[in-house]
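Asker: mmCIF, C-alpha atoms and all ligand atoms, file query_17.cif:
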```cif
data_protein
loop_
_atom_site.label_atom_id
_atom_site.label_comp_id
_atom_site.auth_asym_id
_atom_site.auth_seq_id
_atom_site.Cartn_x
_atom_site.Cartn_y
_atom_site.Cartn_z
CA MET N 1490 101.19 81.14 100.31
CA PRO N 1491 101.58 77.44 101.14
CA PRO N 1492 103.67 75.63 98.49
CA GLU N 1493 100.95 73.17 97.39
CA THR N 1494 98.46 75.84 96.30
CA ASP N 1495 99.27 78.62 93.90
CA GLN N 1496 97.23 81.28 95.60
CA LYS N 1497 97.03 84.45 93.53
CA THR N 1498 98.10 87.84 94.80
CA HIS N 1499 96.02 90.70 93.42
CA ILE N 1500 98.06 93.80 92.76
CA GLU N 1501 96.84 97.18 91.63
CA LEU N 1502 99.68 98.08 89.35
CA TYR N 1503 99.11 101.80 88.86
CA PRO N 1504 99.44 102.85 92.53
CA LEU N 1505 102.42 100.52 92.93
CA LEU N 1506 104.31 101.58 89.81
CA SER N 1507 103.51 105.25 90.21
CA GLY N 1508 104.51 105.01 93.89
CA ILE N 1509 107.91 103.71 92.79
CA THR N 1510 108.52 106.39 90.17
CA ALA N 1511 107.11 109.14 92.40
CA ALA N 1512 109.98 108.18 94.75
CA THR N 1513 112.51 108.42 91.89
CA ASP N 1514 111.11 111.87 91.04
CA LEU N 1515 111.99 113.09 94.55
CA ILE N 1516 115.73 113.09 93.78
CA SER N 1517 115.39 116.62 92.37
CA ARG N 1518 112.79 119.36 92.84
CA ILE N 1519 112.55 119.80 89.10
CA LEU N 1520 111.43 116.20 88.65
CA VAL N 1521 108.73 116.09 91.34
CA GLY N 1522 105.45 114.76 89.94
CA HIS N 1523 106.91 114.15 86.46
CA HIS N 1524 105.73 110.55 86.01
CA GLN N 1525 102.24 111.43 87.20
CA LYS N 1526 101.96 114.36 84.81
CA VAL N 1527 103.10 112.24 81.88
CA SER N 1528 100.68 109.44 82.85
CA PHE N 1529 97.78 111.85 83.04
CA ALA N 1530 98.58 113.67 79.79
CA ALA N 1531 99.12 110.35 77.97
CA ALA N 1532 95.88 108.91 79.35
CA THR N 1533 93.88 111.97 78.33
CA ILE N 1534 95.35 112.02 74.82
CA GLY N 1535 94.90 108.23 74.53
CA GLN N 1536 91.28 108.57 75.49
CA ALA N 1537 90.74 111.37 72.95
CA LEU N 1538 92.26 109.07 70.31
CA GLY N 1539 89.66 106.45 71.21
CA LEU N 1540 92.07 103.75 72.44
CA ASP N 1541 90.33 100.64 73.75
CA GLN N 1542 90.48 99.88 77.48
CA HIS N 1543 93.36 97.41 77.22
CA ARG N 1544 95.60 99.74 75.20
CA LEU N 1545 94.69 102.68 77.39
CA SER N 1546 95.69 100.83 80.54
CA ARG N 1547 99.01 99.62 79.04
CA LEU N 1548 99.66 103.22 77.96
CA ILE N 1549 99.06 104.55 81.48
CA LEU N 1550 101.24 101.89 83.08
CA ALA N 1551 104.06 102.46 80.59
CA ALA N 1552 103.84 106.22 81.17
CA ALA N 1553 103.95 105.59 84.92
CA VAL N 1554 107.41 104.01 84.55
CA HIS N 1555 108.71 105.64 81.37
CA ASP N 1556 111.87 107.16 82.93
CA ILE N 1557 112.60 104.29 85.32
CA GLY N 1558 115.90 103.71 83.51
CA GLY N 1559 117.18 107.21 84.37
CA LEU N 1560 119.60 105.97 86.98
CA SER N 1561 121.14 109.26 88.16
CA ILE N 1562 120.13 112.90 88.63
CA ARG N 1563 122.32 113.78 85.64
CA THR N 1564 120.56 111.34 83.30
CA ARG N 1565 117.13 112.36 84.57
CA LEU N 1566 117.76 116.07 84.15
CA GLU N 1567 119.16 115.75 80.65
CA SER N 1568 115.83 114.21 79.62
CA PHE N 1569 114.20 117.52 80.59
CA ASP N 1570 115.78 119.38 77.67
CA PHE N 1571 113.07 119.71 75.04
CA GLU N 1572 115.35 118.00 72.51
CA VAL N 1573 117.02 115.15 74.36
CA ILE N 1574 120.56 114.49 73.07
CA ASN N 1575 121.13 110.89 74.11
CA PRO N 1576 117.84 109.32 75.22
CA ASP N 1577 119.35 105.82 75.02
CA ARG N 1578 121.11 106.56 78.29
CA HIS N 1579 117.80 106.12 80.08
CA THR N 1580 115.53 104.32 77.59
CA ARG N 1581 117.83 101.29 77.22
CA PRO N 1582 118.27 100.66 80.96
CA GLY N 1583 114.50 101.17 81.37
CA TYR N 1584 113.81 98.63 78.66
CA PHE N 1585 116.17 96.00 80.07
CA LEU N 1586 114.99 96.49 83.65
CA LEU N 1587 111.33 95.92 82.77
CA ALA N 1588 111.84 93.29 80.06
CA GLY N 1589 113.12 90.88 82.72
CA PHE N 1590 109.56 90.45 84.00
CA ALA N 1591 107.49 88.69 81.30
CA PRO N 1592 104.12 90.38 82.04
CA PHE N 1593 105.85 93.76 81.49
CA ALA N 1594 107.48 92.86 78.15
CA ASP N 1595 105.05 95.13 76.26
CA LEU N 1596 105.63 98.03 78.69
CA ALA N 1597 109.38 97.59 78.18
CA ARG N 1598 108.98 97.91 74.40
CA ILE N 1599 106.80 101.00 74.77
CA ILE N 1600 109.28 102.83 76.98
CA ARG N 1601 112.25 101.73 74.84
CA PHE N 1602 111.07 104.16 72.13
CA HIS N 1603 109.50 106.97 74.14
CA HIS N 1604 111.89 109.58 72.71
CA THR N 1605 111.60 108.49 69.07
CA TYR N 1606 110.73 111.31 66.66
CA TRP N 1607 107.90 110.76 64.18
CA ARG N 1608 109.89 112.28 61.27
CA ASN N 1609 106.84 112.24 59.01
CA GLY N 1610 106.36 108.52 59.38
CA GLU N 1611 109.99 107.34 59.44
CA GLY N 1612 109.56 107.03 63.19
CA MET N 1613 107.21 104.09 62.74
CA VAL N 1614 110.41 102.04 62.79
CA ALA N 1615 113.59 102.49 64.80
CA GLY N 1616 116.69 100.30 64.60
CA GLY N 1617 114.76 97.85 62.44
CA GLU N 1618 111.98 97.49 65.02
CA GLU N 1619 108.41 98.64 64.85
CA VAL N 1620 107.82 101.54 67.25
CA PRO N 1621 104.53 101.18 69.16
CA LEU N 1622 102.15 104.12 68.63
CA LEU N 1623 101.84 104.22 72.41
CA SER N 1624 105.54 105.18 72.58
CA HIS N 1625 104.76 108.22 70.44
CA ILE N 1626 101.90 109.21 72.75
CA ILE N 1627 104.26 109.05 75.73
CA HIS N 1628 106.81 111.13 73.83
CA LEU N 1629 104.17 113.79 73.24
CA ALA N 1630 102.88 113.69 76.84
CA ASP N 1631 106.44 113.84 78.14
CA ARG N 1632 107.33 116.92 76.07
CA ILE N 1633 104.15 118.64 77.30
CA ALA N 1634 105.14 117.88 80.89
CA VAL N 1635 108.70 119.19 80.57
CA ARG N 1636 107.49 122.49 79.08
CA ILE N 1637 105.61 123.31 82.29
CA ASP N 1638 107.36 125.81 84.53
CA PRO N 1639 106.22 125.01 88.10
CA GLN N 1640 107.08 128.58 89.17
CA ARG N 1641 104.50 130.19 86.88
CA GLU N 1642 100.70 130.13 86.68
CA ILE N 1643 99.77 127.21 84.47
CA LEU N 1644 97.05 129.01 82.52
CA SER N 1645 99.55 131.72 81.53
CA GLN N 1646 101.68 128.99 79.95
CA LYS N 1647 98.89 127.20 78.07
CA ALA N 1648 99.16 129.08 74.76
CA ASP N 1649 102.94 128.87 74.65
CA ILE N 1650 103.02 125.11 75.30
CA ILE N 1651 100.31 124.48 72.69
CA GLN N 1652 102.35 126.53 70.21
CA HIS N 1653 105.48 124.50 70.85
CA ILE N 1654 103.72 121.18 70.47
CA LYS N 1655 101.99 122.32 67.27
CA ALA N 1656 105.36 123.35 65.86
CA GLY N 1657 106.61 119.80 66.47
CA SER N 1658 103.72 118.11 64.65
CA GLY N 1659 105.00 115.88 61.85
CA ASP N 1660 108.68 115.99 62.79
CA MET N 1661 108.65 115.30 66.53
CA PHE N 1662 105.12 114.10 66.98
CA VAL N 1663 102.43 112.10 65.16
CA PRO N 1664 100.02 114.69 63.66
CA ARG N 1665 96.92 112.70 64.61
CA GLN N 1666 98.12 112.56 68.21
CA VAL N 1667 98.81 116.31 68.20
CA GLU N 1668 95.24 116.83 66.93
CA ALA N 1669 93.91 114.78 69.86
CA PHE N 1670 96.04 116.85 72.24
CA LEU N 1671 94.71 120.11 70.77
CA GLN N 1672 91.15 118.95 71.41
CA VAL N 1673 91.79 118.48 75.13
CA ALA N 1674 94.36 121.27 75.57
CA ASP N 1675 91.81 123.91 74.70
CA LYS N 1676 90.09 123.29 78.04
CA GLU N 1677 91.55 125.11 81.04
CA ALA N 1678 90.51 122.12 83.14
CA PHE N 1679 93.08 119.89 81.39
CA TRP N 1680 95.89 122.14 82.58
CA LEU N 1681 94.47 122.53 86.06
CA ASP N 1682 94.16 118.74 86.36
CA LEU N 1683 97.68 118.27 85.05
CA THR N 1684 99.17 120.47 87.75
CA SER N 1685 96.77 119.43 90.53
CA PRO N 1686 98.38 118.30 93.82
CA ASN N 1687 95.80 115.47 93.80
CA LEU N 1688 96.78 114.25 90.38
CA ARG N 1689 97.38 110.64 91.41
CA THR N 1690 93.91 110.28 92.97
CA LEU N 1691 92.34 112.11 90.09
CA LEU N 1692 93.97 109.81 87.56
CA GLN N 1693 92.90 106.69 89.42
CA GLN N 1694 89.32 107.90 89.62
CA ARG N 1695 89.11 108.86 85.98
CA PHE N 1696 90.99 105.87 84.58
CA PRO N 1697 90.32 102.86 86.84
CA LEU N 1698 92.72 100.09 85.80
CA GLY N 1699 91.84 97.14 88.00
CA ALA N 1700 94.25 94.63 89.49
CA MET N 1701 96.57 91.99 88.08
CA ALA N 1702 96.54 88.49 89.60
CA LEU N 1703 100.01 87.02 90.10
CA GLY N 1704 100.91 83.47 91.11
CA ARG N 1705 103.65 82.55 93.55
CA SER N 1706 106.54 82.39 91.10
CA GLU N 1707 105.42 85.54 89.30
CA MET N 1708 105.41 87.41 92.62
CA LEU N 1709 109.01 86.37 93.17
CA GLU N 1710 109.91 87.45 89.65
CA LEU N 1711 108.23 90.81 90.18
CA ALA N 1712 110.17 91.28 93.43
CA ALA N 1713 113.39 90.30 91.63
CA MET N 1714 112.67 92.85 88.89
CA PHE N 1715 112.09 95.62 91.42
CA ARG N 1716 115.25 94.47 93.20
CA ARG N 1717 117.21 95.21 90.03
CA VAL N 1718 115.58 98.65 89.73
CA ILE N 1719 116.69 99.40 93.31
CA ASP N 1720 120.18 97.92 93.22
CA PHE N 1721 121.40 98.56 89.68
CA ARG N 1722 121.62 102.32 90.12
CA SER N 1723 125.14 101.91 91.46
CA ARG N 1724 127.83 99.24 91.33
CA PHE N 1725 128.17 99.66 95.09
CA THR N 1726 124.61 98.49 95.66
CA ALA N 1727 124.25 96.23 92.59
CA THR N 1728 124.09 92.98 94.57
CA HIS N 1729 123.05 94.27 98.00
CA SER N 1730 119.42 93.21 98.24
CA SER N 1731 120.20 89.75 96.81
CA GLY N 1732 122.71 89.29 99.62
CA VAL N 1733 120.29 90.55 102.26
CA ALA N 1734 117.54 88.23 100.96
CA ALA N 1735 119.84 85.19 101.07
CA VAL N 1736 121.04 85.94 104.61
CA ALA N 1737 117.52 86.74 105.85
CA VAL N 1738 116.19 83.45 104.44
CA ALA N 1739 119.09 81.57 106.09
CA ILE N 1740 118.30 83.16 109.47
CA ALA N 1741 114.60 82.40 109.03
CA THR N 1742 115.36 78.79 108.14
CA HIS N 1743 117.53 78.26 111.23
CA SER N 1744 115.18 80.08 113.58
CA GLY N 1745 111.93 78.64 112.21
CA PHE N 1746 110.55 82.12 111.41
CA GLN N 1747 107.88 81.99 108.63
CA LYS N 1748 108.56 78.27 108.23
CA GLU N 1749 105.43 77.79 106.16
CA ASP N 1750 106.33 80.58 103.75
CA PRO N 1751 110.04 81.45 103.45
CA ASP N 1752 109.29 83.34 100.22
CA ARG N 1753 107.89 86.22 102.26
CA VAL N 1754 111.24 86.68 103.95
CA ARG N 1755 113.00 86.46 100.57
CA MET N 1756 110.71 89.12 99.09
CA ALA N 1757 111.21 91.34 102.13
CA GLY N 1758 114.98 91.03 101.65
CA LEU N 1759 114.71 91.86 97.95
CA LEU N 1760 112.46 94.87 98.55
CA HIS N 1761 113.52 96.28 101.94
CA ASP N 1762 115.49 99.13 100.34
CA ILE N 1763 112.94 100.06 97.68
CA GLY N 1764 112.61 103.46 99.36
CA LYS N 1765 116.28 104.07 98.44
CA LEU N 1766 114.93 105.27 95.11
CA VAL N 1767 114.61 108.67 96.84
CA VAL N 1768 118.39 108.67 97.33
CA PRO N 1769 120.23 109.89 94.21
CA THR N 1770 122.86 107.62 92.67
CA GLU N 1771 125.36 110.46 93.08
CA LEU N 1772 124.97 110.10 96.83
CA LEU N 1773 125.24 106.29 96.80
CA GLU N 1774 128.58 106.68 95.04
CA LYS N 1775 130.00 109.58 97.03
CA HIS N 1776 133.61 109.00 98.05
CA GLN N 1777 133.84 111.87 100.51
CA ARG N 1778 132.52 111.84 104.04
CA LEU N 1779 128.72 112.14 104.08
CA THR N 1780 127.41 115.48 105.37
CA SER N 1781 124.42 115.95 107.66
CA ASP N 1782 122.40 116.98 104.59
CA ASP N 1783 123.37 113.67 102.93
CA PHE N 1784 122.14 111.78 105.98
CA ALA N 1785 118.94 113.81 105.93
CA ILE N 1786 118.27 112.20 102.54
CA ILE N 1787 119.42 108.71 103.48
CA TYR N 1788 117.28 108.61 106.63
CA LYS N 1789 114.18 108.96 104.49
CA HIS N 1790 114.54 105.63 102.72
CA PRO N 1791 112.82 103.12 105.07
CA TYR N 1792 109.88 105.52 105.32
CA PHE N 1793 109.53 105.43 101.54
CA SER N 1794 109.97 101.64 101.46
CA ALA N 1795 106.78 101.52 103.53
CA GLU N 1796 105.14 104.18 101.38
CA ILE N 1797 105.69 102.07 98.26
CA LEU N 1798 105.05 98.58 99.67
CA ARG N 1799 101.80 99.74 101.27
CA ASN N 1800 100.38 99.61 97.74
CA ILE N 1801 100.48 95.80 97.79
CA LYS N 1802 97.61 94.92 100.10
CA SER N 1803 98.78 91.38 100.93
CA PHE N 1804 102.23 92.73 101.86
CA ALA N 1805 101.19 94.30 105.18
CA ASP N 1806 103.80 92.25 107.11
CA ILE N 1807 106.59 92.74 104.53
CA CYS N 1808 105.82 96.46 104.50
CA GLN N 1809 106.19 96.64 108.29
CA TRP N 1810 109.47 94.75 108.28
CA ALA N 1811 110.94 96.90 105.50
CA ALA N 1812 109.75 100.08 107.26
CA ALA N 1813 111.59 99.06 110.43
CA HIS N 1814 114.82 97.58 109.02
CA HIS N 1815 116.91 100.48 110.38
CA GLU N 1816 115.30 100.55 113.82
CA ARG N 1817 117.54 99.55 116.73
CA LEU N 1818 116.49 97.79 119.95
CA ASP N 1819 117.75 100.66 122.12
CA GLY N 1820 115.61 103.18 120.20
CA SER N 1821 118.55 104.75 118.36
CA GLY N 1822 117.41 103.69 114.88
CA TYR N 1823 115.24 105.49 112.34
CA PRO N 1824 112.74 106.68 111.14
CA TYR N 1825 110.13 105.64 113.76
CA ARG N 1826 112.47 105.44 116.81
CA LEU N 1827 110.95 102.10 117.76
CA ARG N 1828 112.51 100.17 120.63
CA GLY N 1829 112.59 96.61 121.94
CA ALA N 1830 109.40 94.64 121.41
CA GLU N 1831 107.99 97.38 119.17
CA ILE N 1832 110.29 96.11 116.43
CA PRO N 1833 108.71 93.11 114.66
CA GLU N 1834 110.72 89.90 114.37
CA GLY N 1835 110.85 90.14 110.57
CA ALA N 1836 112.41 93.61 110.85
CA ARG N 1837 115.02 92.33 113.34
CA ILE N 1838 115.98 89.58 110.92
CA LEU N 1839 116.27 92.12 108.10
CA ALA N 1840 118.37 94.41 110.31
CA VAL N 1841 120.80 91.60 111.10
CA ALA N 1842 120.90 90.38 107.47
CA ASP N 1843 121.35 93.95 106.21
CA THR N 1844 124.19 94.72 108.63
CA PHE N 1845 125.98 91.44 107.88
CA THR N 1846 125.70 91.94 104.12
CA ALA N 1847 126.63 95.64 104.23
CA LEU N 1848 129.77 95.02 106.29
CA MET N 1849 130.93 92.32 103.86
CA GLU N 1850 130.41 94.61 100.86
CA ASP N 1851 132.72 97.19 99.32
CA ARG N 1852 131.72 100.82 99.76
CA PRO N 1853 133.04 103.83 97.83
CA TYR N 1854 135.18 104.71 100.86
CA ARG N 1855 136.28 101.22 102.05
CA CYS N 1856 136.61 97.55 101.04
CA GLY N 1857 134.38 94.85 102.55
CA LEU N 1858 135.39 93.24 105.85
CA THR N 1859 136.17 89.58 106.54
CA VAL N 1860 133.62 87.25 108.18
CA THR N 1861 135.59 87.39 111.42
CA GLY N 1862 135.67 91.18 111.39
CA THR N 1863 131.95 91.34 110.54
CA ASN N 1864 131.01 88.91 113.33
CA LYS N 1865 133.00 90.92 115.83
CA ILE N 1866 131.22 94.17 114.98
CA MET N 1867 127.80 92.49 115.00
CA LYS N 1868 128.46 90.90 118.39
CA ASP N 1869 129.35 94.31 119.70
CA MET N 1870 126.16 95.80 118.26
CA ALA N 1871 124.09 93.04 119.92
CA ALA N 1872 125.84 93.69 123.25
CA HIS N 1873 124.88 97.36 122.95
CA HIS N 1874 121.20 96.54 122.24
CA LYS N 1875 121.32 97.59 118.63
CA LEU N 1876 120.76 94.22 116.98
CA ASP N 1877 118.83 91.14 118.15
CA GLN N 1878 121.20 88.97 120.17
CA ASP N 1879 119.63 85.64 119.14
CA PHE N 1880 119.81 86.32 115.43
CA VAL N 1881 123.36 87.62 115.71
CA ALA N 1882 124.34 84.48 117.64
CA LEU N 1883 122.67 82.37 114.98
CA ILE N 1884 124.77 84.00 112.24
CA HIS N 1885 127.87 83.53 114.37
CA ASP N 1886 127.13 79.82 114.87
CA HIS N 1887 126.49 79.19 111.17
CA SER N 1888 128.73 81.85 109.73
CA SER N 1889 130.50 79.83 107.07
CA GLU N 1890 127.26 78.33 105.75
CA ILE N 1891 125.39 81.66 105.86
CA ASN N 1892 128.27 83.58 104.32
CA ASP N 1893 128.45 80.97 101.59
CA ARG N 1894 124.78 81.53 100.78
CA ARG N 1895 125.30 85.29 100.75
CA TYR N 1896 128.38 84.98 98.58
CA LYS N 1897 126.67 82.77 95.99
CA ALA N 1898 123.63 85.07 95.84
CA GLN N 1899 125.84 88.12 95.32
CA VAL N 1900 128.04 86.45 92.71
CA GLY N 1901 124.87 85.55 90.79
CA ALA N 1902 123.56 89.10 91.14
CA ASP N 1903 126.92 90.48 89.99
CA GLN N 1904 126.70 88.41 86.80
CA THR N 1905 123.17 89.69 86.17
CA HIS N 1906 124.39 93.23 86.74
CA ARG N 1907 127.30 92.86 84.30
CA HIS N 1908 124.96 91.39 81.74
CA PHE N 1909 122.62 94.36 82.24
CA LEU N 1910 125.47 96.85 81.84
CA ALA N 1911 126.64 95.11 78.68
CA GLU N 1912 123.12 95.25 77.21
CA CYS N 1913 122.91 98.95 78.04
CA GLY N 1914 126.38 99.60 76.58
CA LEU N 1915 127.70 100.72 79.99
CA LEU N 1916 130.17 97.93 80.79
CA ASP N 1917 133.27 99.96 79.91
CA ASN N 1918 132.86 102.68 82.53
CA HIS N 1919 132.09 99.94 85.02
CA ASN N 1920 135.37 98.10 84.50
CA GLU N 1921 137.50 101.23 84.83
CA THR N 1922 136.69 101.72 88.47
CA ASP N 1923 136.00 98.15 89.46
CA ASP N 1924 137.94 95.56 91.41
CA ARG N 1925 140.05 97.77 93.64
CA CYS N 1926 139.16 95.49 96.51
CA PRO N 1927 140.33 91.88 96.96
CA ARG N 1928 137.82 89.11 96.22
CA PRO N 1929 136.34 86.57 96.64
CA ARG N 1930 135.34 86.71 100.25
FE FE O 1 112.39 110.02 79.05
FE FE O 2 110.02 111.83 81.13
FE FE O 3 118.35 100.28 104.19
#
```
Could you write out this file's structure as structure tokens?
Answerer:
Amino acid sequence: MPPETDQKTHIELYPLLSGITAATDLISRILVGHHQKVSFAAATIGQALGLDQHRLSRLILAAAVHDIGGLSIRTRLESFDFEVINPDRHTRPGYFLLAGFAPFADLARIIRFHHTYWRNGEGMVAGGEEVPLLSHIIHLADRIAVRIDPQREILSQKADIIQHIKAGSGDMFVPRQVEAFLQVADKEAFWLDLTSPNLRTLLQQRFPLGAMALGRSEMLELAAMFRRVIDFRSRFTATHSSGVAAVAVAIATHSGFQKEDPDRVRMAGLLHDIGKLVVPTELLEKHQRLTSDDFAIIYKHPYFSAEILRNIKSFADICQWAAAHHERLDGSGYPYRLRGAEIPEGARILAVADTFTALMEDRPYRCGLTVTGTNKIMKDMAAHHKLDQDFVALIHDHSSEINDRRYKAQVGADQTHRHFLAECGLLDNHNETDDRCPRPR
């Protein structure tokens, strides 16, 4: 994307968004496939209600991300109780995460209210705001999905689930929407589709949504929004990708890499850890020594970064770099065990930027290092053929300037994070445990 022309990037949103939430559903066996089930049930009910194409596609996209604000296993699992006690714990973060990207403002509003009861019409309004009817459809679809026991034959459960949903008509659910559900739920095929291992393909074939065209600045905003989804799950990672992006851009600027389009490096930095959505927050915040089972989960993340980014066709290079950001020149990295020249330059830059940023950051089990300490470790890693020697030398030669860029990016990201926590009503628990480590660095 040369700066003088605003070339559009075409993105198919459903595969991208559902790829992201499919990753978040992998944090627990109980959650696997949840977002896809809810998307499919909502789409089928929406269609039976006769929604026009635009509303139907916004419904499917909102359903595809409806629990994106469930930031930990605990919060996600509590939303699986048929009557959710405190849905705000995931609907508010979901709303504020999506609302930051203007083209998703309507999706944010829909998911904000996806646990609102109908209460014979009172549920048209919540907290003084009009509740979109699409929110009520997602509520219904979601409650259908959580009633399914994956251990049992689906057709043996059909009658029981229908009974439960019927019983909720009027109080929990909009009667007209329940009627639409009953029309489709009578067919065995609906239930077989809903539990099909090919559900994602099936949904895309039956409800083709088309692509959205985004300009240069919108692409950066989209990447920044996803960056918040990735990083805001824990205070220990809240500013990480912003720091990596700033350092990676600094290395690219000094080395002349992607001179004509530094935004690609920035986006790669913002998105490199998107596959970390398969790692539960509980693990990101663990104070004890990580076990081999913990590492078995962590080692998956670059693989899933590639899995998700593959859905943006024009991101082939960014996808490759993100996939390989934990590879090491001597072949000791993961998950592809690449070595030497097999590792693309963009991935080497990310690896150096990631290591630099990570060493400077606080972790649950240690405080961040100084620039001198970080440079020493990185030099050692380059000497042992882990990291690219040239890029490590470049950081060493410009360390105060590059660290300054990293620091400013992370301070900015920290402010955004605090603002987000305040909006979600979570700032108090944050402050209790914060600031045990000296700053600024
Ligand atoms: Fe939910
Ligand atoms: Fe849900
Ligand atoms: Fe990573």
Asker: Pick the closest to ligand FE 3 (chain O) from N:Arg1837, N:His1887, N:Arg1716, N:His1790: which is it, counting all atoms listed in the file?
Answerer: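 Closest residue, counting all atoms listed in the file: N:His1790.
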Asker: Residues contacting ligand FE 2 (chain O) - anything with an atom at most 12 Å away, using only C-alpha atoms and all ligand atoms - can you give me those as a ChimeraX atom specification?
Answerer: /N:1510-1511,1513-1514,1519-1528,1530-1531,1551-1559,1564-1573,1576,1579-1580,1583,1600,1602-1604,1624,1626-1636
Asker: Env of Leu1586 in chain N: 9 Å cut, atoms = all atoms listed in the file, seq-sep filter 2 positions within chain, self excluded. Answer as a list in words.
Answerer: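 In the requested form, the answer reads Ile1557, Gly1558, Arg1581, Pro1582, Gly1583, Tyr1584, Ala1588, Gly1589, Phe1590, Ala1597, Met1714, Phe1715, Arg1717, Val1718 and Phe1909 of chain N.
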Asker: Using only C-alpha atoms and all ligand atoms, which residue out of N:Thr1726, N:Gln1672, N:Gln1666, N:Thr1498 lies closest to ligand FE 3 (chain O)?
Answerer: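 Ranked by minimum distance to ligand FE 3 (chain O), first place goes to N:Thr1726.
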Asker: By how many Å are CA of Ala1735 in chain N and CA of Gln1899 in chain N apart?
Answerer: 8.8 Å
Asker: Enumerate residues in contact with ligand FE 3 (chain O): an atom-to-atom distance of at most 9 Å, counting all atoms listed in the file. Format the result as a PyMOL selection string.
Answerer: chain N and resi 1761-1765+1787-1788+1790-1791+1794+1811+1814-1815+1840+1843
Asker: What's around Leu1798 in chain N at 12 Å? Count only C-alpha atoms, leave out sequence neighbours fewer than 2 positions away in its own chain, and write the answer as a PyMOL selection string.
Answerer: chain N and resi 1500-1502+1504-1509+1512+1712+1715+1756-1757+1759-1764+1791-1796+1800-1812
Asker: Give the answer as one residue: which of N:Asp1750, N:Asp1577, N:Glu1619, N:Glu1677 has the shortest atom-to-atom distance to ligand FE 1 (chain O), using only C-alpha atoms and all ligand atoms?
Answerer: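 That would be N:Asp1577, the residue with the smallest distance to ligand FE 1 (chain O).
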Asker: From the set N:His1543, N:Arg1601, N:Lys1647, N:Arg1563, which residue has the shortest atom-to-atom contact distance to ligand FE 1 (chain O), counting all atoms listed in the file?
Answerer: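 Going through N:His1543, N:Arg1601, N:Lys1647, N:Arg1563 one by one, the smallest distance to ligand FE 1 (chain O) is for N:Arg1601.
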Asker: Identify which of the residues N:Val1900, N:Leu1671, N:Ala1842, N:Leu1779 lies closest to Val1738 in chain N, counting all atoms listed in the file when measuring atom-to-atom distances.
Answerer: N:Ala1842
Asker: If we count only C-alpha atoms and set the cut-off at 12 Å, which residues sit around Phe1784 in chain N, ignoring sequence neighbours fewer than 6 positions away in its own chain? Please answer as a VMD selection string.
Answerer: chain N and resid 1768 1772 to 1773 1778 1790 1823 to 1824
Asker: What is the distance, in Å and to one decimal place, between CA of Ala1898 in chain N and CA of Arg1817 in chain N?
Answerer: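 Separating CA of Ala1898 in chain N from CA of Arg1817 in chain N is a distance of 26.1 Å.
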